[in-house]
Amino acid sequence: MKTLFFSAKPYDRDFFTRQNQNHNFQLEFIDEPLNHHTAVLAQGYDAVCIFVNDSADAEVLDILAQQGVKLIALRSAGYNHVDLSKAKELGIKVVRVPAYSPYSVAEHTIALILTINRKTHRAYNRVREGNFALNGLMGFDLKGKTVGLIGLGKIGIATAKILLGFGCRVLGFDVEKSEEVEKLGVEYAGLDELYAQSDIVSLHCPLTPQTHHIIHTDSIGKMKKGVMLINTSRGALVDTQAVIQALKSGQIKYLGIDVYEEEADLFFEDLSDKVIQDDVFMRLLSFNNVLITGHQAFFTEDAMLEISKVTLSNISSFIKGGELENEVH
């Protein structure tokens with residue numbers, strides 16, 4: 001099975017090459033992202049493996065089909081970057097990794113909350129310069145605070161468990177209710193109630209037409225003044241311009257994000273010797289109460305091992321012609 005990996009980094013090559021010892025597939029890795037310019041590189045390959053910022057829209061899928069590609073293996077849980085209707089029309093199967101490690105993302109969510117609250121990133125730099133003053137470093141106790149989680153899938157539940165351990169009151173919103181969630185002590189709430197009562201709002205839902213810009217001017221206006229907003233899910237859940245205005249007014253006092261709606265041209269690359277052209281992103285960086293990481297929440301050894309294992313297992317199932325357990329319809 002000849003498979004071409006787009007947007008492949010050294011760690012992708014490492015984990016997938018090691019895991020491939022159990023399969024002996026023909027794997028090729030390129031650093032270029034999948035788009036309508038690079039799709040022709042898939043000529044002669046049976047499958048392509050892509051990541052979150054690759055594009056598999058209708059135009060790209062047409063080109064892939066012309067090259068003979070029959071399978072798109074996502075090494076991610078999200079699939080909003082794939083035109084599923086077009087893939088079905090072309091007879092291209094799409095498989096994903098539905099749950100690589102919810103703990104990796106949940107724990108990074110907590111890391112953002114703790115860091116931006118207690119300002120450990122700023123304290124680290126101060127101490128290295130011999131500055132031991134505490135001015136500007138005051139935070140708040142998490143115990144007793146109300147945290148609203150939008151999305152209570154595996155990552156949301158893992159995040160809730162940690163927050164409950166801190167002594168937080170956890171409110172949750174999801175389109176489906178679960179007995180497991182209620183037994184944990186999470187209180188289901190409508191979005192308006194969640195916004196009104198939460199000291200911290202954290203996003204853990206997929207990106208769909210219904211959730212696109214779920215955080216916008218109106219929803220932010222319903223939140224407590226001085227709220228902390230965290231996003232480790234998908235960048236386009238948040239209207240960045242609306243968030244910038246809320247940061248300027250003080251409606252949002254803390255912002256921690258691992259994703260950004262225009263991240264495709266930024267994240268996963270070393271741009272330290274270049275001038276970043278995204279003025280909106282640079283405006284975000286100018287706030288001292290904003291913490292941004294470059295889509296690294298998933299990035300643990302445990303998660304990478306599971307991603308490589310499940311992805312190659314998905315390819316194996318396709319070859320065998322059986323039911324594709326992780327197919328995206």
# chains A, B, ... in the order shown; residues from 1 in each chain; ligands from 1
>>> select_by_dssp(residues="stretch 65-258 of chain A", states="alpha helix (DSSP H)", output="PyMOL selection string")
chain A and resi 65-67+84-90+102-118+120-128+154-165+179-184+191-197+217-221+240-249
>>> residues_around(residues="stretch 66-78 of chain A", least_positions_apart="4", cutoff="7 Å", atoms="only C-alpha atoms", output="list in words")
Val40, Ala42, Gln43, Gly44, Tyr45, Asp46, Ala47, Val48, Cys49, Ile50, Phe51, Val52, Asp62, Ile92, Lys93, Val94, Val95, Arg96, Val97, Pro98, Ala99, Pro206, Ile307 and Thr311 of chain A
>>> select_by_dssp(residues="stretch 206-297 of chain A", states="strand (DSSP E)", output="ChimeraX atom specification")
/A:227-231,252-257,290-292
>>> write_last_selection(atoms="N, CA, C and O atoms", output="PDB file, in the first residue's frame")
ATOM      1  N   VAL A 227     -13.882  37.473  32.293  1.00  0.00           N
ATOM      2  CA  VAL A 227     -13.858  36.030  32.094  1.00  0.00           C
ATOM      3  C   VAL A 227     -12.522  35.574  31.490  1.00  0.00           C
ATOM      4  O   VAL A 227     -11.827  36.342  30.826  1.00  0.00           O
ATOM      5  N   MET A 228     -12.169  34.312  31.747  1.00  0.00           N
ATOM      6  CA  MET A 228     -11.051  33.683  31.068  1.00  0.00           C
ATOM      7  C   MET A 228     -11.617  32.793  29.970  1.00  0.00           C
ATOM      8  O   MET A 228     -12.504  31.983  30.208  1.00  0.00           O
ATOM      9  N   LEU A 229     -11.087  32.923  28.745  1.00  0.00           N
ATOM     10  CA  LEU A 229     -11.531  32.116  27.609  1.00  0.00           C
ATOM     11  C   LEU A 229     -10.379  31.238  27.153  1.00  0.00           C
ATOM     12  O   LEU A 229      -9.266  31.724  26.916  1.00  0.00           O
ATOM     13  N   ILE A 230     -10.649  29.928  27.022  1.00  0.00           N
ATOM     14  CA  ILE A 230      -9.628  28.957  26.616  1.00  0.00           C
ATOM     15  C   ILE A 230     -10.129  28.201  25.389  1.00  0.00           C
ATOM     16  O   ILE A 230     -11.276  27.749  25.356  1.00  0.00           O
ATOM     17  N   ASN A 231      -9.268  28.035  24.397  1.00  0.00           N
ATOM     18  CA  ASN A 231      -9.633  27.247  23.213  1.00  0.00           C
ATOM     19  C   ASN A 231      -8.495  26.314  22.822  1.00  0.00           C
ATOM     20  O   ASN A 231      -7.434  26.758  22.368  1.00  0.00           O
ATOM     21  N   ILE A 252     -13.092  40.271  28.362  1.00  0.00           N
ATOM     22  CA  ILE A 252     -12.234  39.086  28.512  1.00  0.00           C
ATOM     23  C   ILE A 252     -10.940  39.553  29.160  1.00  0.00           C
ATOM     24  O   ILE A 252     -10.233  40.411  28.628  1.00  0.00           O
ATOM     25  N   LYS A 253     -10.642  38.976  30.331  1.00  0.00           N
ATOM     26  CA  LYS A 253      -9.439  39.387  31.058  1.00  0.00           C
ATOM     27  C   LYS A 253      -8.254  38.485  30.760  1.00  0.00           C
ATOM     28  O   LYS A 253      -7.092  38.902  30.883  1.00  0.00           O
ATOM     29  N   TYR A 254      -8.546  37.229  30.399  1.00  0.00           N
ATOM     30  CA  TYR A 254      -7.491  36.264  30.097  1.00  0.00           C
ATOM     31  C   TYR A 254      -7.898  35.472  28.856  1.00  0.00           C
ATOM     32  O   TYR A 254      -9.049  35.039  28.736  1.00  0.00           O
ATOM     33  N   LEU A 255      -6.939  35.254  27.963  1.00  0.00           N
ATOM     34  CA  LEU A 255      -7.193  34.428  26.785  1.00  0.00           C
ATOM     35  C   LEU A 255      -6.052  33.435  26.618  1.00  0.00           C
ATOM     36  O   LEU A 255      -4.877  33.832  26.548  1.00  0.00           O
ATOM     37  N   GLY A 256      -6.399  32.158  26.539  1.00  0.00           N
ATOM     38  CA  GLY A 256      -5.407  31.122  26.279  1.00  0.00           C
ATOM     39  C   GLY A 256      -5.862  30.276  25.107  1.00  0.00           C
ATOM     40  O   GLY A 256      -6.939  29.681  25.147  1.00  0.00           O
ATOM     41  N   ILE A 257      -5.072  30.245  24.032  1.00  0.00           N
ATOM     42  CA  ILE A 257      -5.475  29.488  22.842  1.00  0.00           C
ATOM     43  C   ILE A 257      -4.318  28.640  22.322  1.00  0.00           C
ATOM     44  O   ILE A 257      -3.159  29.063  22.337  1.00  0.00           O
ATOM     45  N   VAL A 290      -2.665  37.495  27.070  1.00  0.00           N
ATOM     46  CA  VAL A 290      -2.967  36.465  26.075  1.00  0.00           C
ATOM     47  C   VAL A 290      -1.816  35.478  26.012  1.00  0.00           C
ATOM     48  O   VAL A 290      -0.643  35.872  25.954  1.00  0.00           O
ATOM     49  N   LEU A 291      -2.135  34.199  26.047  1.00  0.00           N
ATOM     50  CA  LEU A 291      -1.135  33.138  25.939  1.00  0.00           C
ATOM     51  C   LEU A 291      -1.493  32.272  24.737  1.00  0.00           C
ATOM     52  O   LEU A 291      -2.604  31.743  24.653  1.00  0.00           O
ATOM     53  N   ILE A 292      -0.557  32.134  23.808  1.00  0.00           N
ATOM     54  CA  ILE A 292      -0.796  31.353  22.594  1.00  0.00           C
ATOM     55  C   ILE A 292       0.255  30.261  22.478  1.00  0.00           C
ATOM     56  O   ILE A 292       1.461  30.524  22.610  1.00  0.00           O
TER      57      ILE A 292
END
>>> residues_around(residues="stretch 32-39 of chain A", least_positions_apart="2", cutoff="8 Å", atoms="only C-alpha atoms", output="VMD selection string")
chain A and resid 6 to 8 30 41 to 42 50 53 to 56 59 to 60 63 to 64
>>> write_last_selection(atoms="all heavy atoms", output="short mmCIF file (atom, residue, chain, number, x, y, z; two decimals), in the first residue's frame")
data_model
loop_
_atom_site.label_atom_id
_atom_site.label_comp_id
_atom_site.auth_asym_id
_atom_site.auth_seq_id
_atom_site.Cartn_x
_atom_site.Cartn_y
_atom_site.Cartn_z
N PHE A 6 1.45 14.02 3.72
CA PHE A 6 1.63 15.45 3.54
C PHE A 6 1.87 16.11 4.90
O PHE A 6 1.48 15.57 5.95
CB PHE A 6 0.41 16.08 2.87
CG PHE A 6 0.30 15.80 1.40
CD1 PHE A 6 -0.36 14.67 0.94
CD2 PHE A 6 0.86 16.67 0.48
CE1 PHE A 6 -0.47 14.41 -0.43
CE2 PHE A 6 0.76 16.42 -0.89
CZ PHE A 6 0.10 15.29 -1.35
N SER A 7 2.51 17.28 4.90
CA SER A 7 2.79 18.05 6.13
C SER A 7 3.51 17.20 7.16
O SER A 7 3.25 17.29 8.37
CB SER A 7 1.48 18.60 6.72
OG SER A 7 0.83 19.46 5.83
N ALA A 8 4.41 16.36 6.70
CA ALA A 8 5.10 15.42 7.60
C ALA A 8 6.31 16.10 8.24
O ALA A 8 7.17 16.66 7.56
CB ALA A 8 5.53 14.19 6.82
N ILE A 30 6.52 13.88 2.90
CA ILE A 30 6.94 15.18 2.38
C ILE A 30 6.46 16.27 3.34
O ILE A 30 5.44 16.12 4.01
CB ILE A 30 6.42 15.45 0.96
CG1 ILE A 30 4.88 15.41 0.91
CG2 ILE A 30 7.01 14.44 -0.03
CD1 ILE A 30 4.31 15.81 -0.46
N LEU A 41 1.23 15.65 -6.50
CA LEU A 41 2.35 14.85 -6.01
C LEU A 41 1.90 13.45 -5.58
O LEU A 41 2.73 12.57 -5.37
CB LEU A 41 3.02 15.56 -4.82
CG LEU A 41 3.65 16.93 -5.12
CD1 LEU A 41 4.15 17.57 -3.82
CD2 LEU A 41 4.79 16.80 -6.12
N ALA A 42 0.58 13.27 -5.45
CA ALA A 42 0.05 11.97 -5.03
C ALA A 42 -0.08 10.98 -6.18
O ALA A 42 -0.60 9.88 -5.99
CB ALA A 42 -1.31 12.16 -4.36
N ILE A 50 -3.07 12.89 5.87
CA ILE A 50 -3.03 14.35 6.03
C ILE A 50 -3.32 14.75 7.46
O ILE A 50 -3.86 13.97 8.25
CB ILE A 50 -4.00 15.05 5.06
CG1 ILE A 50 -5.46 14.70 5.40
CG2 ILE A 50 -3.68 14.66 3.62
CD1 ILE A 50 -6.48 15.47 4.55
N ASN A 53 -4.19 21.01 9.09
CA ASN A 53 -4.14 22.21 8.27
C ASN A 53 -3.97 21.91 6.78
O ASN A 53 -3.76 22.83 5.98
CB ASN A 53 -3.02 23.15 8.75
CG ASN A 53 -3.39 23.81 10.07
OD1 ASN A 53 -4.56 24.01 10.36
ND2 ASN A 53 -2.40 24.12 10.89
N ASP A 54 -4.05 20.63 6.41
CA ASP A 54 -4.09 20.28 5.00
C ASP A 54 -5.50 20.53 4.47
O ASP A 54 -6.48 20.43 5.21
CB ASP A 54 -3.72 18.81 4.80
CG ASP A 54 -2.25 18.55 5.09
OD1 ASP A 54 -1.41 19.26 4.53
OD2 ASP A 54 -1.95 17.64 5.89
N SER A 55 -5.60 20.82 3.17
CA SER A 55 -6.90 21.08 2.57
C SER A 55 -7.30 19.93 1.66
O SER A 55 -6.55 19.55 0.76
CB SER A 55 -6.86 22.38 1.77
OG SER A 55 -8.06 22.57 1.05
N ALA A 56 -8.49 19.38 1.91
CA ALA A 56 -9.04 18.34 1.04
C ALA A 56 -10.43 18.79 0.59
O ALA A 56 -11.43 18.12 0.82
CB ALA A 56 -9.09 17.00 1.76
N GLU A 59 -11.89 20.73 -5.01
CA GLU A 59 -10.88 20.84 -6.06
C GLU A 59 -9.72 19.88 -5.81
O GLU A 59 -9.24 19.19 -6.73
CB GLU A 59 -10.36 22.29 -6.14
CG GLU A 59 -9.32 22.50 -7.22
CD GLU A 59 -8.78 23.92 -7.25
OE1 GLU A 59 -9.23 24.75 -6.43
OE2 GLU A 59 -7.91 24.20 -8.09
N VAL A 60 -9.26 19.83 -4.57
CA VAL A 60 -8.15 18.94 -4.21
C VAL A 60 -8.55 17.48 -4.40
O VAL A 60 -7.78 16.66 -4.92
CB VAL A 60 -7.69 19.20 -2.77
CG1 VAL A 60 -6.70 18.11 -2.30
CG2 VAL A 60 -7.04 20.57 -2.65
N ILE A 63 -8.42 16.32 -7.96
CA ILE A 63 -7.04 16.07 -8.40
C ILE A 63 -6.54 14.74 -7.84
O ILE A 63 -5.92 13.94 -8.55
CB ILE A 63 -6.12 17.22 -7.97
CG1 ILE A 63 -6.58 18.53 -8.60
CG2 ILE A 63 -4.67 16.92 -8.35
CD1 ILE A 63 -5.85 19.76 -8.08
N LEU A 64 -6.83 14.48 -6.54
CA LEU A 64 -6.40 13.22 -5.93
C LEU A 64 -7.02 12.03 -6.65
O LEU A 64 -6.36 11.01 -6.90
CB LEU A 64 -6.79 13.19 -4.45
CG LEU A 64 -6.03 14.15 -3.52
CD1 LEU A 64 -6.57 14.03 -2.09
CD2 LEU A 64 -4.53 13.88 -3.54
#
>>> closest_atom_pairs(of="stretch 85-117 of chain A", to="stretch 135-153 of chain A", cutoff="12 Å", atoms="only C-alpha atoms", output="tab-separated table")
residue	atom	partner	partner_atom	distance
A:Pro98	CA	A:Gly153	CA	10.8
A:Ala99	CA	A:Gly153	CA	9.9
A:Pro102	CA	A:Gly153	CA	9.0
A:Tyr103	CA	A:Gly153	CA	11.8
A:Val105	CA	A:Gly153	CA	12.0
A:Ala106	CA	A:Gly153	CA	11.1
A:Thr109	CA	A:Leu149	CA	11.1
A:Ile110	CA	A:Leu142	CA	10.7
A:Ile113	CA	A:Leu142	CA	9.2
A:Leu114	CA	A:Leu142	CA	8.6
A:Thr115	CA	A:Gly139	CA	9.7
A:Ile116	CA	A:Gly139	CA	8.5
A:Asn117	CA	A:Gly139	CA	5.1
>>> write_last_selection(atoms="C-alpha atoms", output="PDB file, in the first residue's frame")
ATOM      1  CA  PRO A  98     -11.314   9.337  16.683  1.00  0.00           C
ATOM      2  CA  ALA A  99      -9.577   9.407  20.076  1.00  0.00           C
ATOM      3  CA  PRO A 102      -8.040  12.974  25.298  1.00  0.00           C
ATOM      4  CA  TYR A 103      -5.717  13.438  28.273  1.00  0.00           C
ATOM      5  CA  VAL A 105      -5.484  17.961  25.147  1.00  0.00           C
ATOM      6  CA  ALA A 106      -7.222  18.097  28.524  1.00  0.00           C
ATOM      7  CA  THR A 109      -6.011  23.005  28.626  1.00  0.00           C
ATOM      8  CA  ILE A 110      -5.214  23.003  32.338  1.00  0.00           C
ATOM      9  CA  ILE A 113      -5.386  27.962  32.579  1.00  0.00           C
ATOM     10  CA  LEU A 114      -2.692  27.692  35.263  1.00  0.00           C
ATOM     11  CA  THR A 115      -0.035  29.515  33.265  1.00  0.00           C
ATOM     12  CA  ILE A 116      -2.140  32.497  32.267  1.00  0.00           C
ATOM     13  CA  ASN A 117      -3.675  32.707  35.743  1.00  0.00           C
TER      14      ASN A 117
END
>>> atom_distance(atom1="atom CA of A:Leu285", atom2="atom CA of A:Asp265")
16.1 Å
>>> atom_distance(atom1="atom CA of A:Leu305", atom2="atom CA of A:Ile157")
21.7 Å
>>> residues_around(residues="A:Glu180", least_positions_apart="6", cutoff="12 Å", atoms="only C-alpha atoms", output="MDAnalysis selection string")
chainID A and resid 152:154 157:158 160:161 186:188
>>> write_last_selection(atoms="all heavy atoms", output="short mmCIF file (atom, residue, chain, number, x, y, z; two decimals), in the first residue's frame")
data_model
loop_
_atom_site.label_atom_id
_atom_site.label_comp_id
_atom_site.auth_asym_id
_atom_site.auth_seq_id
_atom_site.Cartn_x
_atom_site.Cartn_y
_atom_site.Cartn_z
N LEU A 152 -18.75 18.07 25.63
CA LEU A 152 -18.45 17.06 26.67
C LEU A 152 -18.22 15.69 26.04
O LEU A 152 -18.79 14.69 26.45
CB LEU A 152 -19.58 17.00 27.70
CG LEU A 152 -19.69 18.23 28.61
CD1 LEU A 152 -20.98 18.21 29.40
CD2 LEU A 152 -18.48 18.32 29.54
N GLY A 153 -17.37 15.69 25.01
CA GLY A 153 -16.88 14.43 24.47
C GLY A 153 -15.77 13.91 25.36
O GLY A 153 -15.66 14.29 26.54
N LYS A 154 -14.92 13.08 24.83
CA LYS A 154 -13.86 12.46 25.64
C LYS A 154 -12.89 13.50 26.21
O LYS A 154 -12.47 13.39 27.36
CB LYS A 154 -13.11 11.42 24.81
CG LYS A 154 -13.98 10.21 24.47
CD LYS A 154 -13.20 9.15 23.71
CE LYS A 154 -14.09 7.95 23.43
NZ LYS A 154 -13.37 6.87 22.69
N ILE A 157 -14.74 15.57 28.94
CA ILE A 157 -14.89 14.79 30.17
C ILE A 157 -13.56 14.70 30.91
O ILE A 157 -13.50 14.86 32.14
CB ILE A 157 -15.43 13.38 29.86
CG1 ILE A 157 -16.89 13.46 29.40
CG2 ILE A 157 -15.31 12.46 31.07
CD1 ILE A 157 -17.47 12.15 28.93
N ALA A 158 -12.47 14.46 30.17
CA ALA A 158 -11.15 14.39 30.80
C ALA A 158 -10.80 15.72 31.46
O ALA A 158 -10.23 15.76 32.57
CB ALA A 158 -10.09 14.01 29.78
N ALA A 160 -13.01 17.94 32.56
CA ALA A 160 -13.91 18.10 33.71
C ALA A 160 -13.37 17.36 34.94
O ALA A 160 -13.42 17.89 36.06
CB ALA A 160 -15.30 17.57 33.36
N LYS A 161 -12.87 16.16 34.76
CA LYS A 161 -12.34 15.37 35.88
C LYS A 161 -11.20 16.11 36.58
O LYS A 161 -11.11 16.13 37.81
CB LYS A 161 -11.86 14.00 35.39
CG LYS A 161 -12.98 13.05 34.99
CD LYS A 161 -12.42 11.74 34.47
CE LYS A 161 -13.52 10.76 34.09
NZ LYS A 161 -12.98 9.50 33.53
N VAL A 186 -20.67 16.99 37.04
CA VAL A 186 -20.80 18.10 36.09
C VAL A 186 -22.27 18.47 35.99
O VAL A 186 -23.14 17.61 35.89
CB VAL A 186 -20.25 17.70 34.70
CG1 VAL A 186 -20.48 18.84 33.70
CG2 VAL A 186 -18.77 17.36 34.79
N GLU A 187 -22.56 19.76 36.01
CA GLU A 187 -23.94 20.24 35.90
C GLU A 187 -24.21 20.69 34.46
O GLU A 187 -23.50 21.54 33.93
CB GLU A 187 -24.15 21.43 36.83
CG GLU A 187 -23.84 21.16 38.30
CD GLU A 187 -23.87 22.43 39.12
OE1 GLU A 187 -24.76 23.27 38.89
OE2 GLU A 187 -22.98 22.60 39.98
N TYR A 188 -25.19 20.08 33.84
CA TYR A 188 -25.56 20.52 32.49
C TYR A 188 -26.22 21.90 32.56
O TYR A 188 -26.96 22.20 33.49
CB TYR A 188 -26.52 19.53 31.84
CG TYR A 188 -25.82 18.35 31.21
CD1 TYR A 188 -25.82 17.11 31.82
CD2 TYR A 188 -25.15 18.49 29.98
CE1 TYR A 188 -25.17 16.02 31.24
CE2 TYR A 188 -24.52 17.41 29.40
CZ TYR A 188 -24.53 16.18 30.01
OH TYR A 188 -23.90 15.11 29.43
#
